[in-house]
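> Below is the file entry-v9.cif, which contains mmCIF, C-alpha atoms.
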```cif
data_upload
#
loop_
_atom_site.label_atom_id
_atom_site.label_comp_id
_atom_site.auth_asym_id
_atom_site.auth_seq_id
_atom_site.Cartn_x
_atom_site.Cartn_y
_atom_site.Cartn_z
CA LEU A 1267 -19.43 -18.84 1.37
CA GLN A 1268 -15.95 -20.21 1.73
CA PHE A 1269 -13.00 -18.16 2.83
CA SER A 1270 -9.54 -17.91 1.37
CA ASP A 1271 -6.36 -18.18 3.36
CA SER A 1272 -5.90 -15.25 5.74
CA TYR A 1273 -3.74 -12.28 4.82
CA MET A 1274 -4.20 -9.88 7.77
CA ARG A 1275 -5.05 -10.01 11.50
CA SER A 1276 -6.61 -7.34 13.66
CA ASP A 1277 -7.77 -7.08 17.22
CA ILE A 1278 -10.30 -4.60 18.56
CA TYR A 1279 -9.00 -1.06 19.13
CA ALA A 1280 -10.60 1.74 21.11
CA VAL A 1281 -11.04 5.28 19.83
CA SER A 1282 -11.62 8.12 22.25
CA THR A 1283 -10.89 11.81 22.24
CA LYS A 1284 -7.49 13.21 23.11
CA THR A 1285 -9.19 15.33 25.77
CA HIS A 1286 -11.25 12.60 27.47
CA PRO A 1287 -10.77 13.13 31.21
CA THR A 1288 -10.57 9.48 32.34
CA ILE A 1289 -9.95 7.11 29.42
CA LYS A 1290 -6.20 7.03 28.87
CA THR A 1291 -5.43 3.28 28.75
CA TRP A 1292 -7.31 0.08 27.87
CA PRO A 1293 -8.12 -0.79 31.53
CA ASP A 1294 -9.84 2.61 31.89
CA ILE A 1295 -12.54 1.57 29.40
CA ASP A 1296 -14.50 -1.06 31.36
CA LYS A 1297 -15.47 1.11 34.30
CA ALA A 1298 -18.92 1.85 35.71
CA GLY A 1299 -20.40 4.95 34.13
CA ASN A 1300 -18.50 4.62 30.83
CA VAL A 1301 -20.41 4.09 27.61
CA VAL A 1302 -18.70 2.01 24.93
CA ALA A 1303 -20.04 2.23 21.36
CA VAL A 1304 -19.92 -0.39 18.64
CA GLN A 1305 -21.41 -0.35 15.18
CA THR A 1306 -24.42 -2.64 15.08
CA GLY A 1307 -23.81 -5.88 13.24
CA THR A 1308 -20.01 -5.85 13.41
CA PHE A 1309 -17.95 -8.55 15.08
CA MET A 1310 -17.25 -6.03 17.84
CA GLN A 1311 -20.87 -6.24 19.04
CA PRO A 1312 -20.82 -9.81 20.45
CA ALA A 1313 -17.15 -9.49 21.42
CA MET A 1314 -17.76 -6.41 23.55
CA GLN A 1315 -21.04 -7.79 24.95
CA ALA A 1316 -18.98 -10.67 26.33
CA TYR A 1317 -15.97 -8.54 27.35
CA LEU A 1318 -17.56 -5.62 29.20
CA LYS A 1319 -18.40 -6.17 32.86
CA ALA A 1320 -18.91 -2.65 34.23
CA ALA A 1321 -19.25 -0.22 31.30
CA SER A 1322 -22.45 0.12 29.26
CA LEU A 1323 -22.60 -0.87 25.60
CA SER A 1324 -24.23 1.42 23.04
CA LEU A 1325 -25.18 -0.06 19.65
CA ILE A 1326 -24.84 2.52 16.90
CA GLY A 1327 -26.67 2.21 13.59
CA PRO A 1328 -27.42 4.52 10.68
CA PRO A 1329 -27.97 7.39 10.40
CA ASN A 1330 -25.82 7.88 13.50
CA THR A 1331 -22.08 7.23 13.47
CA ARG A 1332 -19.71 6.22 16.22
CA GLU A 1333 -17.69 9.37 15.55
CA GLN A 1334 -20.74 11.62 16.04
CA GLU A 1335 -21.68 9.84 19.26
CA LEU A 1336 -18.14 10.18 20.61
CA GLN A 1337 -17.69 13.84 19.65
CA SER A 1338 -21.11 14.73 21.12
CA GLY A 1339 -20.14 13.14 24.45
CA ARG A 1340 -22.94 10.55 24.38
CA VAL A 1341 -20.32 7.78 24.44
CA ASP A 1342 -16.84 7.72 25.94
CA VAL A 1343 -15.14 5.45 23.43
CA PHE A 1344 -15.93 3.40 20.35
CA MET A 1345 -14.48 0.13 19.18
CA THR A 1346 -13.08 -0.55 15.74
CA ASP A 1347 -10.51 -2.69 13.96
CA PHE A 1348 -6.88 -1.88 13.23
CA PRO A 1349 -7.38 -0.66 9.63
CA TYR A 1350 -10.10 1.81 10.61
CA SER A 1351 -8.07 2.98 13.60
CA ARG A 1352 -5.30 4.02 11.18
CA LYS A 1353 -7.82 5.93 9.04
CA ILE A 1354 -9.19 7.74 12.09
CA LEU A 1355 -5.70 8.83 13.13
CA GLN A 1356 -5.03 10.20 9.66
CA ASN A 1357 -8.32 12.09 9.39
CA ALA A 1358 -9.38 13.21 12.86
CA GLU A 1359 -7.14 15.47 14.90
CA TRP A 1360 -9.35 14.99 17.95
CA ALA A 1361 -8.97 11.19 18.03
CA LYS A 1362 -6.81 8.98 20.21
CA VAL A 1363 -6.46 5.24 19.54
CA ILE A 1364 -5.95 2.87 22.44
CA ALA A 1365 -4.59 -0.60 21.72
CA PRO A 1366 -5.51 -3.48 24.01
CA GLU A 1367 -2.76 -4.55 26.38
CA GLN A 1368 -3.68 -8.21 25.84
CA PRO A 1369 -5.58 -9.78 22.93
CA VAL A 1370 -9.33 -9.19 23.17
CA PHE A 1371 -10.75 -10.68 19.97
CA PRO A 1372 -8.12 -11.19 17.25
CA LEU A 1373 -9.72 -11.79 13.88
CA GLU A 1374 -8.10 -12.82 10.63
CA TYR A 1375 -9.10 -11.26 7.32
CA ALA A 1376 -9.70 -13.33 4.19
CA TYR A 1377 -11.56 -13.12 0.89
CA ALA A 1378 -15.10 -14.50 0.68
CA CYS A 1379 -15.66 -16.73 -2.34
CA ALA A 1380 -18.64 -18.65 -3.65
CA LEU A 1381 -19.05 -22.01 -1.97
CA GLY A 1382 -18.12 -24.90 -4.22
CA ASP A 1383 -16.02 -22.89 -6.67
CA ALA A 1384 -12.83 -24.88 -6.16
CA SER A 1385 -10.94 -23.23 -9.01
CA LEU A 1386 -11.63 -19.73 -7.68
CA ILE A 1387 -10.58 -20.47 -4.09
CA LYS A 1388 -7.47 -22.24 -5.36
CA ARG A 1389 -6.54 -19.22 -7.52
CA VAL A 1390 -7.22 -16.73 -4.71
CA ASN A 1391 -5.11 -18.75 -2.24
CA LEU A 1392 -2.31 -18.99 -4.79
CA PHE A 1393 -2.46 -15.22 -5.28
CA ILE A 1394 -2.35 -14.59 -1.52
CA ALA A 1395 0.65 -16.92 -1.13
CA GLN A 1396 2.48 -15.22 -4.02
CA ILE A 1397 1.98 -11.65 -2.78
CA LYS A 1398 3.02 -12.64 0.74
CA ARG A 1399 6.13 -14.37 -0.57
CA ASP A 1400 7.25 -11.68 -3.03
CA GLY A 1401 6.48 -8.77 -0.71
CA ARG A 1402 3.70 -7.13 -2.75
CA LEU A 1403 1.17 -7.47 0.09
CA LEU A 1404 3.46 -5.79 2.58
CA GLN A 1405 4.39 -3.12 0.05
CA ALA A 1406 0.71 -2.37 -0.62
CA ALA A 1407 -0.03 -2.17 3.13
CA ARG A 1408 2.78 0.24 4.09
CA PRO A 1409 1.31 3.49 2.68
CA PHE A 1410 -1.80 2.86 4.81
CA GLN A 1411 0.23 1.96 7.93
CA LEU A 1412 -1.21 -1.57 7.88
CA ASP A 1413 2.09 -3.43 7.63
CA SER A 1414 2.05 -4.53 11.29
CA ALA A 1415 -1.27 -6.34 10.71
CA ILE A 1416 -0.14 -8.28 7.63
CA LEU A 1417 0.36 -12.02 8.07
CA LYS A 1418 3.80 -12.91 6.78
CA GLU A 1419 3.24 -16.67 6.43
#
```
Please rewrite the model in this file as structure tokens.


Amino acid sequence: LQFSDSYMRSDIYAVSTKTHPTIKTWPDIDKAGNVVAVQTGTFMQPAMQAYLKAASLSLIGPPNTREQELQSGRVDVFMTDFPYSRKILQNAEWAKVIAPEQPVFPLEYAYACALGDASLIKRVNLFIAQIKRDGRLLQAARPFQLDSAILKE
């Protein structure tokens, strides 16, 4: 694969319940006794394995979901990216999103293209540059509350 130019950047965000008794801020997460969930195979898995010093890491795979594990009380928080954190806030009244106070693992988003297809990657990069420049990318992101994650240049 080869990747296009980036169009969005996200860090890792925590999702907990509004009623969780101890997790209110990002520093509350990495404490002894807390269980932090990540979806198996995501970039959050190695990032949180390296980041966590005191909390335990729980790897969640199908058929289980991070949301089920959190709502059942088996985990205290789960990690996700910015776009999914917006979706959770729109669809789950019980959820609270906690942003990191300092960057944890910022990751840029790009399109994956077939390796060696120079004309395709050139066209995709041209498209990305055009929609950044003319505002279409930002306009498309706003209804989903993703505008703060869009790369302007």

> For A:Asp1294, which of A:Gly1307, A:Leu1386, A:Ser1351, A:Ala1320 is the closest residue, counting all atoms listed in the file?

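For A:Asp1294, the nearest of the given residues is A:Ala1320.
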
> What does the distance from atom CA of A:Leu1323 to atom CA of A:Val1302 come to in Å, to one decimal?

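Taking atom CA of A:Leu1323 as the start and atom CA of A:Val1302 as the end point, the length is 4.9 Å.
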
> Around the point (-6.2, -9.4, 18.3), in the coordinates given by the file, pick out the residues reaching within 8 Å, counting only C-alpha atoms, and return them as a list in words.

Arg1275, Ser1276, Asp1277, Ile1278, Pro1369, Val1370, Phe1371, Pro1372 and Leu1373 of chain A

> Would you kindly return, as a PyMOL selection string, each protein, DNA or RNA residue with an atom no farther than 10 Å from any atom of A:Leu1392, considering all atoms listed in the file and excluding same-chain residues fewer than 5 positions away?

chain A and resi 1270-1271+1386-1387+1397-1398

> Report as a PyMOL selection string the full result of the PyMOL selection byres ((chain A and resi 1272) around 8) when it is applied to this structure.

chain A and resi 1270-1271+1273-1275+1374-1377+1417

> What residues come out when you apply the PyMOL selection byres ((chain A and resi 1282) around 10) to this file, written as a VMD selection string?

chain A and resid 1280 to 1281 1283 to 1286 1289 to 1290 1295 1302 1333 1336 to 1337 1341 to 1345 1360 to 1364

> Using the atoms already present, construct N, CA, C and O atoms for stretch 1368-1385 of chain A and hand them back as a PDB file, keeping the file's coordinate frame.


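Output contents, as saved in part.pdb:
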```pdb
ATOM      1  N   GLN A1368      -3.675  -6.776  26.088  1.00  0.00           N
ATOM      2  CA  GLN A1368      -3.680  -8.210  25.840  1.00  0.00           C
ATOM      3  C   GLN A1368      -4.710  -8.460  24.741  1.00  0.00           C
ATOM      4  O   GLN A1368      -5.638  -7.670  24.604  1.00  0.00           O
ATOM      5  N   PRO A1369      -4.587  -9.521  23.981  1.00  0.00           N
ATOM      6  CA  PRO A1369      -5.580  -9.780  22.930  1.00  0.00           C
ATOM      7  C   PRO A1369      -7.000  -9.837  23.503  1.00  0.00           C
ATOM      8  O   PRO A1369      -7.236 -10.418  24.566  1.00  0.00           O
ATOM      9  N   VAL A1370      -7.919  -9.206  22.783  1.00  0.00           N
ATOM     10  CA  VAL A1370      -9.330  -9.190  23.170  1.00  0.00           C
ATOM     11  C   VAL A1370     -10.122 -10.107  22.249  1.00  0.00           C
ATOM     12  O   VAL A1370     -10.826 -11.001  22.694  1.00  0.00           O
ATOM     13  N   PHE A1371      -9.994  -9.890  20.954  1.00  0.00           N
ATOM     14  CA  PHE A1371     -10.750 -10.680  19.970  1.00  0.00           C
ATOM     15  C   PHE A1371     -10.022 -10.609  18.627  1.00  0.00           C
ATOM     16  O   PHE A1371     -10.513  -9.990  17.687  1.00  0.00           O
ATOM     17  N   PRO A1372      -8.838 -11.231  18.523  1.00  0.00           N
ATOM     18  CA  PRO A1372      -8.120 -11.190  17.250  1.00  0.00           C
ATOM     19  C   PRO A1372      -8.922 -11.883  16.152  1.00  0.00           C
ATOM     20  O   PRO A1372      -9.512 -12.940  16.383  1.00  0.00           O
ATOM     21  N   LEU A1373      -8.945 -11.270  15.002  1.00  0.00           N
ATOM     22  CA  LEU A1373      -9.720 -11.790  13.880  1.00  0.00           C
ATOM     23  C   LEU A1373      -8.870 -11.719  12.624  1.00  0.00           C
ATOM     24  O   LEU A1373      -8.234 -10.691  12.354  1.00  0.00           O
ATOM     25  N   GLU A1374      -8.861 -12.807  11.873  1.00  0.00           N
ATOM     26  CA  GLU A1374      -8.100 -12.820  10.630  1.00  0.00           C
ATOM     27  C   GLU A1374      -8.993 -12.419   9.464  1.00  0.00           C
ATOM     28  O   GLU A1374     -10.180 -12.727   9.447  1.00  0.00           O
ATOM     29  N   TYR A1375      -8.392 -11.743   8.500  1.00  0.00           N
ATOM     30  CA  TYR A1375      -9.100 -11.260   7.320  1.00  0.00           C
ATOM     31  C   TYR A1375      -8.795 -12.185   6.149  1.00  0.00           C
ATOM     32  O   TYR A1375      -7.662 -12.621   5.967  1.00  0.00           O
ATOM     33  N   ALA A1376      -9.824 -12.450   5.351  1.00  0.00           N
ATOM     34  CA  ALA A1376      -9.700 -13.330   4.190  1.00  0.00           C
ATOM     35  C   ALA A1376     -10.708 -12.870   3.144  1.00  0.00           C
ATOM     36  O   ALA A1376     -11.574 -12.039   3.433  1.00  0.00           O
ATOM     37  N   TYR A1377     -10.594 -13.407   1.957  1.00  0.00           N
ATOM     38  CA  TYR A1377     -11.560 -13.120   0.890  1.00  0.00           C
ATOM     39  C   TYR A1377     -12.706 -14.109   0.967  1.00  0.00           C
ATOM     40  O   TYR A1377     -12.496 -15.302   1.186  1.00  0.00           O
ATOM     41  N   ALA A1378     -13.930 -13.637   0.759  1.00  0.00           N
ATOM     42  CA  ALA A1378     -15.100 -14.500   0.680  1.00  0.00           C
ATOM     43  C   ALA A1378     -15.307 -14.906  -0.771  1.00  0.00           C
ATOM     44  O   ALA A1378     -15.310 -14.058  -1.662  1.00  0.00           O
ATOM     45  N   CYS A1379     -15.457 -16.195  -0.986  1.00  0.00           N
ATOM     46  CA  CYS A1379     -15.660 -16.730  -2.340  1.00  0.00           C
ATOM     47  C   CYS A1379     -16.908 -17.608  -2.340  1.00  0.00           C
ATOM     48  O   CYS A1379     -17.341 -18.103  -1.301  1.00  0.00           O
ATOM     49  N   ALA A1380     -17.456 -17.814  -3.518  1.00  0.00           N
ATOM     50  CA  ALA A1380     -18.640 -18.650  -3.650  1.00  0.00           C
ATOM     51  C   ALA A1380     -18.326 -20.079  -3.214  1.00  0.00           C
ATOM     52  O   ALA A1380     -17.277 -20.631  -3.559  1.00  0.00           O
ATOM     53  N   LEU A1381     -19.212 -20.647  -2.440  1.00  0.00           N
ATOM     54  CA  LEU A1381     -19.050 -22.010  -1.970  1.00  0.00           C
ATOM     55  C   LEU A1381     -19.090 -22.974  -3.153  1.00  0.00           C
ATOM     56  O   LEU A1381     -19.938 -22.852  -4.032  1.00  0.00           O
ATOM     57  N   GLY A1382     -18.142 -23.891  -3.167  1.00  0.00           N
ATOM     58  CA  GLY A1382     -18.120 -24.900  -4.220  1.00  0.00           C
ATOM     59  C   GLY A1382     -17.335 -24.517  -5.455  1.00  0.00           C
ATOM     60  O   GLY A1382     -17.189 -25.328  -6.361  1.00  0.00           O
ATOM     61  N   ASP A1383     -16.815 -23.307  -5.509  1.00  0.00           N
ATOM     62  CA  ASP A1383     -16.020 -22.890  -6.670  1.00  0.00           C
ATOM     63  C   ASP A1383     -14.548 -23.173  -6.363  1.00  0.00           C
ATOM     64  O   ASP A1383     -13.787 -22.287  -5.981  1.00  0.00           O
ATOM     65  N   ALA A1384     -14.173 -24.425  -6.532  1.00  0.00           N
ATOM     66  CA  ALA A1384     -12.830 -24.880  -6.160  1.00  0.00           C
ATOM     67  C   ALA A1384     -11.740 -24.163  -6.944  1.00  0.00           C
ATOM     68  O   ALA A1384     -10.681 -23.846  -6.397  1.00  0.00           O
ATOM     69  N   SER A1385     -11.988 -23.881  -8.216  1.00  0.00           N
ATOM     70  CA  SER A1385     -10.940 -23.230  -9.010  1.00  0.00           C
ATOM     71  C   SER A1385     -10.723 -21.793  -8.552  1.00  0.00           C
ATOM     72  O   SER A1385      -9.587 -21.319  -8.551  1.00  0.00           O
TER      73      SER A1385
END
```
